[in-house]
Amino acid sequence: MQTKKLIFIVLVAISFFKFSASAEAQESADSVSIQNLEEITIEAAKVIHKADMDVYHPSRGAVDNSKNGLQLLQNLMIPSLSVSDALGTVSAAGESVQVRINGRQTTIEQVKSLLPETIRRVEWLTNPGLRYSGANYVLNFIVSNPSQGGSLMLNAQQAFNVAWGDYMTSSKFNTGHSQWEIGGYFRLTDHMKATREYHETFTRPNGYSLTRTERPIGGHISGNNGNAWISYNYIKPDTTVFYLSLNANREFSSESQYKGLLSMSDGSEDIILNDGHGSKGTTPSISAYLEQHFAKKQTLVVDFGSSLYMGKSFSDYIERLPDAKAYLTDIHTSIKDRNQAYAIEADYIKNWNNSRLTLGASYNANRNRSEYENLSDAVFHQRQDRVYVFAEYFRKYRQFTFTAGLGTQYTDFRFRETDEGNATWSLRPKATITYALNQNHQFRLGFSSWQSAPSLTEINIAPLQIDGFQWRIGNPNLKTSTSYMLLLNYNFGLIDRLYGVFGVRAFTSPDAITPLIEWRDERLVTTYENSRGLQNLSFFLAPQIHIIPDWLTASGYLQFRAERMRGTGYDLHNSAWSGDFTIQLMHWGFVLTGRYQRAQRDLWGEKISWGEDMNQIDLSYNYGKWQFRAGIIMPFGRYDRGSSLLSKWNTNEQHTRLNMRVLYLSVSYNLQWGRQKRGANKLVNIDANADRSNTSGR
């Protein structure tokens with residue numbers, strides 16, 4: 001008996017040292033070799049702070065109490081990360097998060113189709129490298145595939161008091177090195193009650209002003225969309241990875257309709273207002289990926305993507321007196337889009353024991369065609385081409401790691417009808433230095449930069465009427481803007497129960513593309529300019545506290561941001577607090593989650609905008625292959641999303657109110673079979689998203 005125990009201890013020790021050596025090699029060289037740990041399972045640390053990322057290994061409890069990848073992410077409670085499985089959202093410190101599976105950029109819906117048991121780890125990058133194309137944050141799910149058998153996932157979520165729901169299915173079939181997947185989802189939001197409160201003052205250059213106050217009478221929003229995909233994945237460890245995916249997205253109806261009563265400060269009669277806009281369309285896409293490993297730790301990666309958007313957007317604005325049949329203002333805008341996007345990237349990666357060199361090049365092309373039905377079917381064409389090349393070197397030396405890289409981007413966009421546009425070269429430097437005092441204390445200083453080309457809406461010269469005297473006209477002479485960010489993070493772990501990060505972020509975009517409001521004769525026109533820039537400074541604290549280990553956990557972030565925005569005729573300042581707090585109780589198959597979020601207040605151009613201030617309570621119970629979940633969104637307070645415009649020509653404040661006190665029930669079922677094995681990472685991903693027109697108004 002003692003001999004067996006001794007043998008077991010020796011095996012565990014050997015496996016532990018192999019695991020540690022593998023982790024060290026991956027940190028220093030970012031190796032894509034596949035490490036199989038079979039027979040013996042090592043309980044990894046909650047979080048491992050690496051040179052360029054934080055790595056989270058799901059606990060057994062987090063896996064057992066999850067039925068999809070997004071639920072598992074929510075149960076990990078990563079500091080500074082805000083996750084809602086019910087709403088299907090992921091954000092960090094008020095910013096967007098790029099989501100990937102084995103390195104391949106993907107969607108929240110495909111994360112939901114992941115089996116929690118197949119997720120080996122989650123990589124959290126707060127200062128992504130050059131190959132991530134300027135992403136604020138990156139989440140990468142490292143997933144393994146069964147070598148045989150397959151899986152079936154079903155989920156249905158439906159509200160009791162409104163027409164709101166989410167339905168998803170995914171099937172995966174495995175044989176040897178190959179995996180086939182077919183899946184789809186449908187999201188329902190149909191005529192949910194919504195109202196708008198609006199107060200605005202227009203001031204003309206001669207000093208005359210008029211104030212209009214909109215009192216809500218009624219309104220609704222709808223957002224019904226679905227997606228279907230089929231994919232093939234071939235993984236031959238340490239040799240070849242091939243991925244091919246076909247995807248079709250359908251936006252059945254997305255619209256908002258508001259009805260209000262306008263009161264005028266000049267004493268004129270009140271006006272009934274109907275304001276609505278929306279879109280519908282189809283986006284088929286294809287993605288292909290090849291990763292080939294060679295001798296001497298060399299890797300070649302090629303990624304290709306293409307998409308086509310065929311859709312229609314509309315906007316209706318009607319004003320009339322209460323007892324009149326004729327309209328004072330009757331505006332209808334309708335745009336048909338047929339827009340294409342293509343992208344390809346190739347990277348060469350060379351690894352040594354403590355260093356890594358990455359060389360890459362990519363090409364992106366957009367070809368847009370917009371037909372304005374309200375302008376006698378006038379057709380406008382716009383093209384955009386981007387070429388990007390970069391080199392990045394990573395080196396580890398004792399407790400320090402260094403990353404330095406330089407990219408350059410060539411952007412060329414042109415409006416066919418006028419032959420107006422711009423071509424620019426831009427540099428994209430990046431550098432990061434990390435010092436690890438020990439596993440529980442790490443300092444990381446990073447500098448990054450990226451470029452933002454003008455959108456189709458921002459350069460389109462076709463005049464778009466918003467109301468009786470407001471118009472929007474693009475500016476084809478815009479230039480690609482550059483942004484710079486300096487980020488200092490201190491990752492800490494204290495008394496085995498308190499983990500987190502404290503950070504300072506400095507951001508500047510000296511030539512940011514922003515709206516410009518000006519009078520042109522009797523028209524108040526919104527156009528666009530390369531402004532004098534935005535600068536902001538943020539301080540944030542994101543702790544995670546294990547109050548009762550494996551039972552009760554609290555996590556969240558608190559951020560203070562001060563910013564300054566300058567453009568033609570204005571110099572504005574803004575400061576505000578934002579944050580997110582989540583507390584979770586997990587035991588006996590039950591998971592009780594409470595969440596509160598105060599949205600970030602962002603200054604951009606002459607407008608301060610804020611997203612959703614949300615709170616939510618959610619209770620789930622896991623029984624075998626089944627999960628039953630019930631919850632309520634916005635049990636406290638009043639839903640508010642809005643903006644405040646500070647232009648000297650137009651000051652206004654808008655609040656959108658929704659009936660978001662939603663009671664919902666969710667049922668999930670997971671069936672799986674087959675033997676698990678380690679998967680492989682996709683190292684790069686290109687962006688091939690087709691543009692689309694925007695008719696939204698006030």
# chains A, B, ... in the order shown; residues from 1 in each chain; ligands from 1
$ residues_around --residues "segment 374-388 of chain A" --least-positions-apart "4" --cutoff "6 Å" --atoms "only C-alpha atoms" --output "list in words"
Thr333, Ser334, Ala361, Ser362, Tyr363, Asn364, Ala365, Asn366, Arg367, Asn368, Arg369, Ser370, Thr408, Gln409, Tyr410, Thr411, Asp412, Phe413, Arg414, Phe415 and Arg416 of chain A
$ residues_around --residues "segment 561-563 of chain A" --least-positions-apart "5" --cutoff "10 Å" --atoms "only C-alpha atoms" --output "list in words"
Val504, Arg505, Ala506, Phe507, Thr508, Leu534, Gln535, Asn536, Leu537, Ser538, Phe539, Phe540, Leu572, His573, Asn574, Ser575, Ala576, Trp577, Ser578, Gln600, Arg601, Asp602, Leu603 and Trp604 of chain A
$ residues_around --residues "Lys172 of chain A" --least-positions-apart "4" --cutoff "12 Å" --atoms "only C-alpha atoms" --output "ChimeraX atom specification"
/A:113-115,145-153,178-183,229-233,670-674
$ closest_atom_pairs --of "segment 201-246 of chain A" --to "segment 285-289 of chain A" --cutoff "6 Å" --atoms "only C-alpha atoms" --output "JSON lines"
{"residue": "A:Phe242", "atom": "CA", "partner": "A:Tyr289", "partner_atom": "CA", "distance": 5.6}
{"residue": "A:Tyr243", "atom": "CA", "partner": "A:Tyr289", "partner_atom": "CA", "distance": 5.0}
{"residue": "A:Leu244", "atom": "CA", "partner": "A:Ala288", "partner_atom": "CA", "distance": 4.5}
{"residue": "A:Ser245", "atom": "CA", "partner": "A:Ser287", "partner_atom": "CA", "distance": 5.1}
{"residue": "A:Leu246", "atom": "CA", "partner": "A:Ile286", "partner_atom": "CA", "distance": 4.7}
$ write_last_selection --atoms "C-alpha atoms" --output "PDB file, in the first residue's frame"
ATOM      1  CA  PHE A 242      -7.096  23.806 -41.247  1.00  0.00           C
ATOM      2  CA  TYR A 243     -10.392  25.581 -40.628  1.00  0.00           C
ATOM      3  CA  LEU A 244     -13.233  26.420 -43.024  1.00  0.00           C
ATOM      4  CA  SER A 245     -16.519  28.087 -42.087  1.00  0.00           C
ATOM      5  CA  LEU A 246     -19.633  29.200 -43.976  1.00  0.00           C
TER       6      LEU A 246
END
$ atom_distance --atom1 "atom CA of Ser455 of chain A" --atom2 "atom CA of His199 of chain A"
28.9 Å
$ residues_around --residues "Glu123 of chain A" --least-positions-apart "2" --cutoff "6 Å" --atoms "only C-alpha atoms" --output "PyMOL selection string"
chain A and resi 54-55+139-140
$ write_last_selection --atoms "C-alpha atoms" --output "PDB file, in the first residue's frame"
ATOM      1  CA  ASP A  54      -3.432  36.507 -17.805  1.00  0.00           C
ATOM      2  CA  VAL A  55      -4.403  32.840 -18.082  1.00  0.00           C
ATOM      3  CA  LEU A 139     -10.438  37.080 -24.832  1.00  0.00           C
ATOM      4  CA  ASN A 140      -9.151  33.826 -26.284  1.00  0.00           C
TER       5      ASN A 140
END
$ closest_atom_pairs --of "segment 71-116 of chain A" --to "segment 157-170 of chain A" --cutoff "9 Å" --atoms "only C-alpha atoms" --output "Markdown table"
| residue | atom | partner | partner_atom | distance |
| --- | --- | --- | --- | --- |
| A:Ala86 | CA | A:Gln157 | CA | 8.0 |
| A:Leu87 | CA | A:Asp166 | CA | 9.0 |
| A:Glu109 | CA | A:Met168 | CA | 8.2 |
| A:Gln110 | CA | A:Ser170 | CA | 9.0 |
| A:Lys112 | CA | A:Met168 | CA | 8.4 |
| A:Ser113 | CA | A:Ser170 | CA | 6.0 |
| A:Leu114 | CA | A:Ser170 | CA | 8.8 |
$ residues_around --residues "Ala228 of chain A" --least-positions-apart "2" --cutoff "6 Å" --atoms "only C-alpha atoms" --output "list in words"
Gly183, Gly184, Asn247 and Ala248 of chain A
$ residues_around --residues "Asn206 of chain A" --least-positions-apart "4" --cutoff "12 Å" --atoms "only C-alpha atoms" --output "VMD selection string"
chain A and resid 202 519 521 to 522 649
$ atom_distance --atom1 "atom CA of His293 of chain A" --atom2 "atom CA of Lys350 of chain A"
10.1 Å
$ select_by_dssp --residues "segment 401-488 of chain A" --states "strand (DSSP E or B)" --output "MDAnalysis selection string"
chainID A and resid 401:415 420:438 441:452 464:465 470:472 481:488
$ write_last_selection --atoms "C-alpha atoms" --output "tab-separated table (two decimals), in the first residue's frame"
chain	number	residue	atom	x	y	z
A	401	THR	CA	9.97	40.29	-20.55
A	402	PHE	CA	10.14	42.72	-23.45
A	403	THR	CA	7.99	43.07	-26.55
A	404	ALA	CA	8.72	45.61	-29.28
A	405	GLY	CA	7.16	45.94	-32.68
A	406	LEU	CA	6.56	48.30	-35.56
A	407	GLY	CA	3.83	48.21	-38.14
A	408	THR	CA	2.95	50.47	-41.02
A	409	GLN	CA	-0.46	50.83	-42.65
A	410	TYR	CA	-1.33	52.21	-46.07
A	411	THR	CA	-4.96	53.33	-46.39
A	412	ASP	CA	-6.57	54.44	-49.64
A	413	PHE	CA	-10.27	55.31	-49.93
A	414	ARG	CA	-12.02	56.88	-52.88
A	415	PHE	CA	-15.53	58.06	-53.78
A	420	GLU	CA	-12.44	62.39	-54.05
A	421	GLY	CA	-10.60	60.59	-51.27
A	422	ASN	CA	-7.28	60.22	-49.51
A	423	ALA	CA	-4.28	57.93	-49.35
A	424	THR	CA	-2.12	57.88	-46.22
A	425	TRP	CA	0.81	56.01	-44.69
A	426	SER	CA	0.74	55.56	-40.90
A	427	LEU	CA	3.20	54.01	-38.44
A	428	ARG	CA	1.98	51.70	-35.68
A	429	PRO	CA	4.66	51.23	-32.96
A	430	LYS	CA	4.14	49.03	-29.92
A	431	ALA	CA	6.23	48.15	-26.86
A	432	THR	CA	5.61	46.32	-23.57
A	433	ILE	CA	7.82	45.63	-20.59
A	434	THR	CA	6.79	43.29	-17.76
A	435	TYR	CA	8.41	42.71	-14.40
A	436	ALA	CA	7.24	39.76	-12.31
A	437	LEU	CA	8.22	40.09	-8.65
A	438	ASN	CA	6.63	36.68	-8.12
A	441	HIS	CA	2.78	40.53	-8.00
A	442	GLN	CA	3.41	41.71	-11.54
A	443	PHE	CA	3.91	45.10	-13.21
A	444	ARG	CA	3.22	45.66	-16.90
A	445	LEU	CA	3.82	48.86	-18.88
A	446	GLY	CA	2.60	48.92	-22.45
A	447	PHE	CA	2.44	51.40	-25.31
A	448	SER	CA	0.31	50.77	-28.39
A	449	SER	CA	-1.08	52.61	-31.39
A	450	TRP	CA	-3.58	51.98	-34.18
A	451	GLN	CA	-5.32	53.62	-37.14
A	452	SER	CA	-9.02	54.28	-37.84
A	464	LEU	CA	-29.38	62.83	-45.72
A	465	GLN	CA	-32.23	64.90	-44.25
A	470	GLN	CA	-31.22	69.30	-39.98
A	471	TRP	CA	-29.08	67.41	-42.51
A	472	ARG	CA	-26.11	65.04	-42.54
A	481	SER	CA	-6.70	58.98	-37.79
A	482	THR	CA	-4.15	57.52	-35.37
A	483	SER	CA	-4.65	56.70	-31.68
A	484	TYR	CA	-2.04	56.11	-28.97
A	485	MET	CA	-2.41	54.45	-25.56
A	486	LEU	CA	-0.10	54.04	-22.57
A	487	LEU	CA	-1.21	51.44	-19.99
A	488	LEU	CA	0.31	50.60	-16.61
